[in-house]
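Have a look at entry07.cif below; it lists mmCIF, C-alpha atoms.
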```
data_target
loop_
_atom_site.label_atom_id
_atom_site.label_comp_id
_atom_site.auth_asym_id
_atom_site.auth_seq_id
_atom_site.Cartn_x
_atom_site.Cartn_y
_atom_site.Cartn_z
CA MET Y 1 24.37 6.27 5.30
CA ASP Y 2 23.32 3.78 2.62
CA GLN Y 3 19.85 2.46 1.96
CA HIS Y 4 20.13 -0.77 3.96
CA LYS Y 5 21.66 0.97 7.00
CA ILE Y 6 18.75 3.39 6.97
CA SER Y 7 16.37 0.44 6.77
CA ALA Y 8 18.05 -1.18 9.78
CA ALA Y 9 17.64 1.99 11.84
CA ALA Y 10 13.99 2.17 10.87
CA PHE Y 11 13.56 -1.52 11.70
CA TYR Y 12 14.67 -1.10 15.32
CA THR Y 13 12.47 1.97 15.71
CA PHE Y 14 9.48 0.03 14.42
CA VAL Y 15 10.23 -3.02 16.59
CA LEU Y 16 10.27 -0.84 19.71
CA PHE Y 17 7.11 0.96 18.60
CA PHE Y 18 5.11 -2.22 17.99
CA PHE Y 19 6.45 -3.91 21.15
CA CYS Y 20 4.99 -1.03 23.13
CA ILE Y 21 1.68 -1.46 21.31
CA SER Y 22 1.47 -5.17 22.08
CA GLN Y 23 2.29 -4.76 25.77
CA SER Y 24 -0.13 -1.89 26.31
CA ILE Y 25 -3.01 -3.49 24.42
CA ARG Y 26 -2.85 -6.56 26.65
CA ALA Y 27 -2.98 -4.38 29.75
CA GLN Y 28 -5.91 -2.07 28.82
CA HIS Y 29 -8.60 -1.95 26.18
CA THR Y 30 -9.53 1.72 25.96
CA TRP Y 31 -9.29 4.15 23.09
CA GLN Y 32 -7.17 6.44 25.27
CA GLU Y 33 -4.60 3.67 25.65
CA ALA Y 34 -4.70 2.97 21.91
CA PHE Y 35 -4.08 6.64 21.21
CA LYS Y 36 -1.13 6.64 23.58
CA VAL Y 37 0.63 3.66 22.07
CA LEU Y 38 -0.08 4.82 18.51
CA GLY Y 39 1.38 8.23 19.33
CA ILE Y 40 -1.65 10.24 18.28
CA ALA Y 41 -3.68 12.85 20.16
CA TRP Y 42 -6.68 15.05 19.51
CA ASN Y 43 -6.15 18.65 18.47
CA PRO Y 44 -8.69 21.27 19.63
CA ASP Y 45 -10.13 21.50 16.09
CA GLY Y 46 -10.88 17.77 16.00
CA THR Y 47 -7.90 16.77 13.87
CA LEU Y 48 -5.20 14.38 15.00
CA ASN Y 49 -1.61 15.17 15.94
CA ARG Y 50 1.05 12.53 15.21
CA THR Y 51 3.78 12.48 17.85
CA ILE Y 52 5.75 9.40 16.74
CA GLN Y 53 9.27 10.32 15.67
CA ILE Y 54 9.96 7.92 12.81
CA PRO Y 55 13.01 8.82 10.66
CA MET Y 56 12.32 10.80 7.49
CA VAL Y 57 14.54 11.00 4.41
CA ASP Y 58 14.98 13.74 1.85
CA PRO Y 59 14.62 13.06 -1.88
CA SER Y 60 17.69 12.21 -3.98
CA PRO Y 61 17.37 14.12 -7.27
CA TYR Y 62 21.01 13.87 -8.40
CA ALA Y 63 22.73 10.79 -9.85
CA ASP Y 64 26.14 11.93 -8.57
CA SER Y 65 25.04 11.97 -4.91
CA LYS Y 66 27.08 10.04 -2.36
CA PRO Y 67 26.32 7.25 -1.75
CA ALA Y 68 25.10 6.62 -5.28
CA PRO Y 69 21.29 6.33 -5.35
CA ILE Y 70 19.58 3.33 -6.94
CA ALA Y 71 16.84 5.69 -8.20
CA LEU Y 72 16.29 9.43 -8.41
CA SER Y 73 13.55 11.21 -6.48
CA GLN Y 74 12.12 14.67 -5.98
CA ASP Y 75 9.17 16.23 -4.14
CA ILE Y 76 6.47 17.98 -6.17
CA TYR Y 77 3.99 20.16 -4.31
CA LEU Y 78 0.48 20.02 -5.71
CA SER Y 79 -0.65 23.49 -4.64
CA PRO Y 80 0.95 26.66 -3.30
CA TYR Y 81 -1.85 26.79 -0.72
CA SER Y 82 -1.22 23.46 1.03
CA LYS Y 83 1.55 21.08 2.05
CA ALA Y 84 0.21 18.25 -0.12
CA TYR Y 85 2.91 16.73 -2.29
CA ILE Y 86 3.98 13.65 -4.16
CA ARG Y 87 7.45 12.13 -4.16
CA LEU Y 88 8.35 11.21 -7.73
CA TYR Y 89 10.87 8.47 -8.57
CA ILE Y 90 12.59 7.50 -11.82
CA PRO Y 91 15.45 5.11 -12.60
CA VAL Y 92 18.94 6.60 -12.48
CA ASN Y 93 19.28 5.99 -16.22
CA PRO Y 94 15.76 5.96 -17.68
CA PRO Y 95 15.44 4.70 -21.28
CA LYS Y 96 15.42 7.43 -23.90
CA ASN Y 97 13.23 5.73 -26.50
CA LYS Y 98 10.77 3.84 -24.32
CA LYS Y 99 8.04 5.02 -21.98
CA LEU Y 100 7.86 3.44 -18.52
CA PRO Y 101 4.76 2.31 -16.63
CA LEU Y 102 3.48 4.82 -14.08
CA ILE Y 103 3.00 3.36 -10.60
CA ILE Y 104 0.90 5.50 -8.26
CA TYR Y 105 1.77 4.33 -4.75
CA LEU Y 106 -0.17 4.90 -1.53
CA HIS Y 107 1.73 3.92 1.60
CA GLY Y 108 0.37 2.22 4.70
CA GLY Y 109 0.01 3.56 8.22
CA ASP Y 110 -3.53 2.87 9.48
CA PHE Y 111 -4.81 5.98 7.63
CA VAL Y 112 -3.35 8.24 10.33
CA LEU Y 113 0.37 7.43 10.61
CA PHE Y 114 3.51 8.07 8.55
CA SER Y 115 4.32 10.07 5.44
CA ALA Y 116 5.59 9.58 1.90
CA SER Y 117 9.01 10.56 3.27
CA THR Y 118 9.01 8.05 6.17
CA VAL Y 119 12.23 6.12 5.72
CA ILE Y 120 10.81 2.70 4.82
CA PHE Y 121 8.62 3.98 1.99
CA PRO Y 122 11.32 5.71 -0.10
CA ASN Y 123 13.37 2.51 0.08
CA PHE Y 124 10.37 0.57 -1.24
CA CYS Y 125 9.77 3.05 -4.08
CA ASN Y 126 13.46 3.23 -5.00
CA ASP Y 127 13.47 -0.55 -5.46
CA ILE Y 128 10.37 -0.49 -7.66
CA ALA Y 129 11.60 2.39 -9.84
CA SER Y 130 14.97 0.72 -10.41
CA GLN Y 131 13.90 -2.91 -10.76
CA PHE Y 132 10.79 -2.71 -12.94
CA PRO Y 133 11.84 -0.07 -14.22
CA ALA Y 134 9.02 2.44 -13.69
CA VAL Y 135 8.07 5.98 -12.83
CA VAL Y 136 6.70 5.92 -9.28
CA ALA Y 137 4.52 8.65 -7.78
CA SER Y 138 4.33 8.17 -4.00
CA VAL Y 139 1.26 10.04 -2.82
CA GLU Y 140 0.29 11.37 0.57
CA ASN Y 141 -2.96 9.59 1.46
CA GLN Y 142 -4.87 12.86 1.81
CA SER Y 143 -3.78 14.17 -1.61
CA LEU Y 144 -4.36 11.49 -4.24
CA GLY Y 145 -3.41 13.15 -7.51
CA ILE Y 146 -0.59 13.77 -9.96
CA GLY Y 147 -0.63 17.55 -10.18
CA GLY Y 148 1.00 19.50 -12.99
CA ARG Y 149 3.38 18.11 -15.59
CA ASP Y 150 6.96 17.71 -14.41
CA PRO Y 151 9.81 16.96 -16.87
CA TRP Y 152 10.32 13.58 -15.21
CA MET Y 153 6.76 12.67 -16.16
CA GLU Y 154 7.88 12.64 -19.79
CA TYR Y 155 9.28 9.18 -19.05
CA ALA Y 156 5.84 7.88 -18.02
CA ASP Y 157 3.44 5.97 -20.23
CA PHE Y 158 0.04 7.35 -19.22
CA SER Y 159 -1.69 4.46 -20.97
CA ARG Y 160 -0.04 2.05 -18.49
CA VAL Y 161 -0.98 3.30 -15.03
CA PHE Y 162 -1.06 0.96 -12.04
CA LEU Y 163 -2.39 1.81 -8.59
CA LEU Y 164 -0.31 0.21 -5.83
CA GLY Y 165 -1.20 0.31 -2.15
CA SER Y 166 0.06 -1.31 1.03
CA SER Y 167 -2.21 -1.84 4.06
CA SER Y 168 -4.48 1.23 4.38
CA GLY Y 169 -3.05 2.46 1.08
CA ALA Y 170 -4.41 -0.69 -0.58
CA ASN Y 171 -7.87 0.11 0.80
CA ILE Y 172 -7.65 3.59 -0.73
CA VAL Y 173 -6.41 2.18 -4.04
CA TYR Y 174 -9.38 -0.19 -4.29
CA HIS Y 175 -11.96 2.52 -3.65
CA ALA Y 176 -10.17 5.13 -5.78
CA ALA Y 177 -10.18 2.71 -8.72
CA LEU Y 178 -13.90 2.08 -8.32
CA ARG Y 179 -14.67 5.80 -8.20
CA ALA Y 180 -12.42 6.52 -11.18
CA LEU Y 181 -14.57 4.24 -13.34
CA ASP Y 182 -17.21 6.96 -13.53
CA PHE Y 183 -14.84 9.72 -14.66
CA ASP Y 184 -12.96 10.55 -17.83
CA ILE Y 185 -9.36 10.58 -16.62
CA ARG Y 186 -7.68 10.56 -20.03
CA PRO Y 187 -4.81 10.50 -20.87
CA LEU Y 188 -4.44 8.23 -17.83
CA LYS Y 189 -5.54 4.63 -18.28
CA ILE Y 190 -5.56 2.42 -15.20
CA LYS Y 191 -4.37 -1.01 -16.29
CA GLY Y 192 -4.31 -2.76 -12.94
CA LEU Y 193 -4.44 -2.63 -9.14
CA LEU Y 194 -1.84 -4.04 -6.74
CA LEU Y 195 -3.14 -4.62 -3.20
CA ASN Y 196 -0.47 -5.60 -0.67
CA GLN Y 197 -1.84 -6.78 2.70
CA ALA Y 198 -4.95 -4.65 2.26
CA TYR Y 199 -6.45 -3.04 5.35
CA PHE Y 200 -10.11 -4.09 5.37
CA GLY Y 201 -12.44 -5.10 8.18
CA GLY Y 202 -16.00 -5.96 9.12
CA VAL Y 203 -18.35 -6.40 12.06
CA LYS Y 204 -18.16 -10.21 12.08
CA ARG Y 205 -14.68 -11.35 13.11
CA THR Y 206 -12.75 -13.59 10.76
CA GLU Y 207 -10.79 -16.64 11.89
CA SER Y 208 -7.46 -14.86 11.39
CA GLU Y 209 -8.61 -11.82 13.39
CA ILE Y 210 -9.65 -14.04 16.31
CA ARG Y 211 -6.54 -16.23 16.13
CA LEU Y 212 -4.20 -13.22 16.03
CA LYS Y 213 -6.20 -10.73 18.12
CA ASP Y 214 -3.12 -9.74 20.15
CA ASP Y 215 -0.84 -9.39 17.14
CA PRO Y 216 1.99 -6.90 17.87
CA TYR Y 217 1.58 -5.15 14.51
CA VAL Y 218 -2.18 -4.85 14.04
CA ALA Y 219 -3.88 -5.78 17.32
CA LEU Y 220 -7.62 -6.23 16.95
CA TYR Y 221 -8.56 -3.60 19.49
CA VAL Y 222 -6.31 -0.99 17.89
CA ASN Y 223 -7.95 -1.77 14.55
CA ASP Y 224 -11.38 -1.12 16.05
CA VAL Y 225 -10.26 2.26 17.39
CA LEU Y 226 -8.72 3.22 14.06
CA TRP Y 227 -11.86 2.29 12.14
CA SER Y 228 -13.91 4.46 14.51
CA LEU Y 229 -11.71 7.39 13.44
CA VAL Y 230 -11.84 6.65 9.72
CA LEU Y 231 -15.47 5.76 9.05
CA PRO Y 232 -18.31 8.28 8.76
CA LYS Y 233 -19.93 9.07 12.10
CA ASN Y 234 -22.42 6.53 13.50
CA LEU Y 235 -21.56 3.87 10.89
CA ASN Y 236 -20.06 0.48 11.71
CA ARG Y 237 -17.32 -1.66 10.17
CA ASP Y 238 -19.67 -3.11 7.56
CA HIS Y 239 -19.64 0.22 5.74
CA GLU Y 240 -18.25 -0.28 2.23
CA PHE Y 241 -15.12 1.77 3.02
CA CYS Y 242 -14.17 -0.91 5.55
CA ASN Y 243 -15.86 -4.07 4.25
CA PRO Y 244 -15.73 -4.12 0.43
CA ILE Y 245 -17.98 -7.17 0.09
CA SER Y 246 -20.80 -6.01 2.39
CA GLY Y 247 -22.77 -4.11 -0.25
CA GLY Y 248 -22.98 -0.38 -0.86
CA THR Y 249 -22.86 1.90 -3.85
CA TYR Y 250 -19.75 0.39 -5.45
CA LEU Y 251 -20.95 -3.16 -6.06
CA GLY Y 252 -22.36 -2.42 -9.52
CA ARG Y 253 -18.98 -1.10 -10.67
CA VAL Y 254 -16.77 -3.97 -9.52
CA PHE Y 255 -17.15 -6.03 -12.71
CA ARG Y 256 -15.60 -3.11 -14.65
CA LEU Y 257 -12.32 -3.18 -12.71
CA PRO Y 258 -9.07 -3.99 -14.53
CA LYS Y 259 -6.93 -6.91 -13.43
CA VAL Y 260 -6.02 -7.07 -9.73
CA TYR Y 261 -3.03 -8.49 -7.83
CA ILE Y 262 -3.61 -9.35 -4.16
CA LYS Y 263 -0.90 -10.44 -1.71
CA GLY Y 264 -1.34 -11.57 1.89
CA ASP Y 265 0.37 -13.52 4.68
CA PHE Y 266 -1.33 -16.03 6.96
CA GLY Y 267 0.54 -14.58 9.95
CA ASP Y 268 -1.30 -11.28 9.42
CA PRO Y 269 -4.65 -10.83 11.25
CA LEU Y 270 -6.05 -9.08 8.17
CA VAL Y 271 -5.32 -11.92 5.73
CA ASP Y 272 -8.82 -13.44 5.70
CA ARG Y 273 -10.22 -10.14 4.42
CA SER Y 274 -7.97 -10.39 1.37
CA VAL Y 275 -8.97 -14.04 0.83
CA GLN Y 276 -12.61 -12.95 0.86
CA LEU Y 277 -11.88 -10.16 -1.62
CA VAL Y 278 -10.20 -12.61 -4.01
CA GLN Y 279 -13.28 -14.83 -3.91
CA PHE Y 280 -15.58 -11.84 -4.40
CA LEU Y 281 -13.62 -10.49 -7.39
CA GLN Y 282 -13.57 -13.94 -8.96
CA SER Y 283 -17.36 -14.11 -8.62
CA CYS Y 284 -17.53 -10.77 -10.47
CA ARG Y 285 -15.27 -12.18 -13.23
CA VAL Y 286 -12.48 -9.70 -12.50
CA PRO Y 287 -9.04 -11.10 -13.47
CA VAL Y 288 -7.35 -11.53 -10.10
CA TYR Y 289 -3.89 -12.91 -9.34
CA TYR Y 290 -3.01 -13.67 -5.76
CA ARG Y 291 -0.34 -14.96 -3.42
CA PHE Y 292 -0.90 -15.99 0.20
CA ASN Y 293 2.27 -16.97 2.07
CA GLN Y 294 2.46 -19.18 5.13
CA GLY Y 295 3.62 -17.32 8.23
CA GLY Y 296 4.78 -13.75 7.78
CA PHE Y 297 3.32 -10.66 9.42
CA HIS Y 298 1.85 -7.29 8.53
CA GLY Y 299 4.47 -5.13 6.81
CA ILE Y 300 6.95 -7.98 6.33
CA GLU Y 301 8.26 -6.57 3.05
CA LEU Y 302 9.51 -3.47 4.91
CA GLN Y 303 11.73 -5.54 7.20
CA ASN Y 304 12.63 -8.69 5.26
CA ARG Y 305 14.55 -8.37 1.99
CA THR Y 306 13.58 -11.85 0.79
CA ALA Y 307 9.89 -11.10 1.28
CA ALA Y 308 10.34 -7.72 -0.41
CA GLN Y 309 12.02 -9.27 -3.44
CA GLN Y 310 9.28 -11.85 -3.81
CA LEU Y 311 6.73 -9.01 -3.84
CA TYR Y 312 8.77 -7.02 -6.38
CA ASP Y 313 9.05 -10.06 -8.66
CA ASP Y 314 5.29 -10.67 -8.53
CA MET Y 315 4.47 -7.05 -9.23
CA LYS Y 316 7.00 -6.78 -12.03
CA TRP Y 317 5.44 -9.81 -13.69
CA PHE Y 318 1.94 -8.33 -13.23
CA VAL Y 319 2.84 -4.88 -14.57
CA ASN Y 320 4.86 -6.11 -17.54
CA ASP Y 321 2.32 -8.74 -18.70
CA VAL Y 322 4.99 -11.42 -18.79
CA TYR Y 323 2.35 -14.12 -19.15
CA PRO Y 324 -0.71 -12.28 -20.56
CA ASN Y 325 -2.81 -15.38 -21.37
CA LEU Y 326 -2.88 -16.60 -17.77
CA LYS Y 327 -6.35 -16.43 -16.26
CA SER Y 328 -7.18 -15.83 -12.60
CA GLU Y 329 -4.50 -17.78 -10.79
CA ASP Y 330 -2.75 -18.51 -7.51
CA ILE Y 331 0.73 -17.15 -8.26
CA SER Y 332 2.38 -19.12 -5.46
CA GLN Y 333 1.38 -22.40 -7.17
CA SER Y 334 2.70 -21.28 -10.56
CA GLN Y 335 5.87 -19.44 -9.55
CA SER Y 336 8.32 -21.38 -11.68
CA GLN Y 337 6.18 -20.95 -14.78
CA LEU Y 338 5.36 -17.29 -14.19
CA HIS Y 339 8.89 -16.12 -13.44
CA SER Y 340 10.67 -18.26 -16.03
CA SER Y 341 9.90 -15.60 -18.65
CA TYR Y 342 12.02 -12.96 -16.93
#
```
Structure translated into structure tokens:
Amino acid sequence: MDQHKISAAAFYTFVLFFFCISQSIRAQHTWQEAFKVLGIAWNPDGTLNRTIQIPMVDPSPYADSKPAPIALSQDIYLSPYSKAYIRLYIPVNPPKNKKLPLIIYLHGGDFVLFSASTVIFPNFCNDIASQFPAVVASVENQSLGIGGRDPWMEYADFSRVFLLGSSSGANIVYHAALRALDFDIRPLKIKGLLLNQAYFGGVKRTESEIRLKDDPYVALYVNDVLWSLVLPKNLNRDHEFCNPISGGTYLGRVFRLPKVYIKGDFGDPLVDRSVQLVQFLQSCRVPVYYRFNQGGFHGIELQNRTAAQQLYDDMKWFVNDVYPNLKSEDISQSQSQLHSSY
């Protein structure tokens, strides 16, 4: 089964999954109902059990596999004492005399759903590894790290590291970058952050959250339940982990961040949070490049090839410094200029 057929199978699974969410959320507004439609349940030890059966895919480490892969991948376990791993991707024919940027990717899934091997995420990473080209390390959200040196890492330029996150993964990327500022992580050098439809929130509702409160992908009530699981006990959605512009211990570090790319869609209930973050980063004089599309929905790049390619093109431009003298800018208004250098 080729990549796009796998994507189609995943698409129909996700459509059914989110249809069930939207119908149930309209009927009841309880955390028990949210748990049911999300496919999660409490374990006796207080952890969560994920019961959703979303297709998984194995890595493709061999170039002569059938069908031919567009990138190579393998799983690297970080410790013999746990199941934490990263899925590492490289182009099928990586350059021999040139190092590639290292993209550390954290997938979405509301902090509690999905895996680095969930079918839609390998497709996404395969595209990035082959198109940029780049070395991509897809990380399980509970195990941010690179682990020991693998031969494939010899292709990576550790002085050109970019943290990429989608949805909840973008939230983790933002906070991980802020925390990393206080540590010596050499030889790694984080050159930029890429935040795709970042999963942020707050106590005061935004216009997009109110307008799209019954959204089939990220319904407002489900978001509230998920934040109650993620945040420290007895703290509300204005905690800095949820609301990055509310204050907290990180504010003094923000001005030290490298350049940031932010992408959102006005059909996504979370979009106003990303707009606010752009404005906040600009006020801190952080170089920030952004695109906000009309329409769309949360996770559109996983279901729509045109939207995915637009995102790849933006990120490729950002990572490769195609137009390095450009200051903080709305990419959607400068598309012809920015992409003419490809």
So how many Å separate atom CA of Y:Ala34 and atom CA of Y:Leu220, to one decimal?
-> 10.9 Å
Near stretch 298-302 of chain Y, within 8 Å and counting only C-alpha atoms, which residues show up once chain neighbours fewer than 3 positions away are dropped, as a list in words?
->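 Near stretch 298-302 of chain Y, the qualifying residues are Ile120, Phe124, Ser167, Gln197, Tyr217, Val218, Asp265, Gly267, Asp268, Pro269, Arg305, Thr306, Ala307, Ala308, Gln309 and Leu311 of chain Y.
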Write the residues of the selection above to a file with C-alpha atoms, as a PDB file, keeping the file's coordinate frame.
```
ATOM      1  CA  ILE Y 120      10.810   2.700   4.820  1.00  0.00           C
ATOM      2  CA  PHE Y 124      10.370   0.570  -1.240  1.00  0.00           C
ATOM      3  CA  SER Y 167      -2.210  -1.840   4.060  1.00  0.00           C
ATOM      4  CA  GLN Y 197      -1.840  -6.780   2.700  1.00  0.00           C
ATOM      5  CA  TYR Y 217       1.580  -5.150  14.510  1.00  0.00           C
ATOM      6  CA  VAL Y 218      -2.180  -4.850  14.040  1.00  0.00           C
ATOM      7  CA  ASP Y 265       0.370 -13.520   4.680  1.00  0.00           C
ATOM      8  CA  GLY Y 267       0.540 -14.580   9.950  1.00  0.00           C
ATOM      9  CA  ASP Y 268      -1.300 -11.280   9.420  1.00  0.00           C
ATOM     10  CA  PRO Y 269      -4.650 -10.830  11.250  1.00  0.00           C
ATOM     11  CA  ARG Y 305      14.550  -8.370   1.990  1.00  0.00           C
ATOM     12  CA  THR Y 306      13.580 -11.850   0.790  1.00  0.00           C
ATOM     13  CA  ALA Y 307       9.890 -11.100   1.280  1.00  0.00           C
ATOM     14  CA  ALA Y 308      10.340  -7.720  -0.410  1.00  0.00           C
ATOM     15  CA  GLN Y 309      12.020  -9.270  -3.440  1.00  0.00           C
ATOM     16  CA  LEU Y 311       6.730  -9.010  -3.840  1.00  0.00           C
TER      17      LEU Y 311
END
```
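The residues returned by the PyMOL selection byres ((chain Y and resi 159) around 12) for this structure are Lys99, Leu100, Pro101, Leu102, Ile103, Ala156, Asp157, Phe158, Arg160, Val161, Phe162, Ile185, Arg186, Pro187, Leu188, Lys189, Ile190, Lys191 and Gly192 of chain Y.
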Atom CA of Y:Leu88 to atom CA of Y:Lys259, straight-line distance in Å |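 Between these atoms lies a distance of 24.4 Å.
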Would you mind telling me which residue in Y:Val57, Y:Met153, Y:Ala134, Y:Ile40 lies nearest to Y:Phe111 when using only C-alpha atoms?
->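 For Y:Phe111, the nearest of the candidates is Y:Ile40.
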One decimal, Å: what's the distance from atom CA of Y:Thr47 over to atom CA of Y:Ser168, could you say?
-> 18.5 Å
Protein and nucleic acid residues near (-20.9, -4.4, -8.7) (cut-off 12 Å, only C-alpha atoms) as a PyMOL selection string | chain Y and resi 178-179+181+240+244-257+280-281+283-286
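If you apply the PyMOL selection byres ((chain Y and resi 313-316) around 9) to this structure, you end up with Ile128, Gln131, Phe132, Pro133, Leu194, Tyr261, Arg291, Ala308, Gln309, Gln310, Leu311, Tyr312, Trp317, Phe318, Val319, Asn320, Asp321, Val322, Ile331, Gln335, Leu338 and His339 of chain Y.
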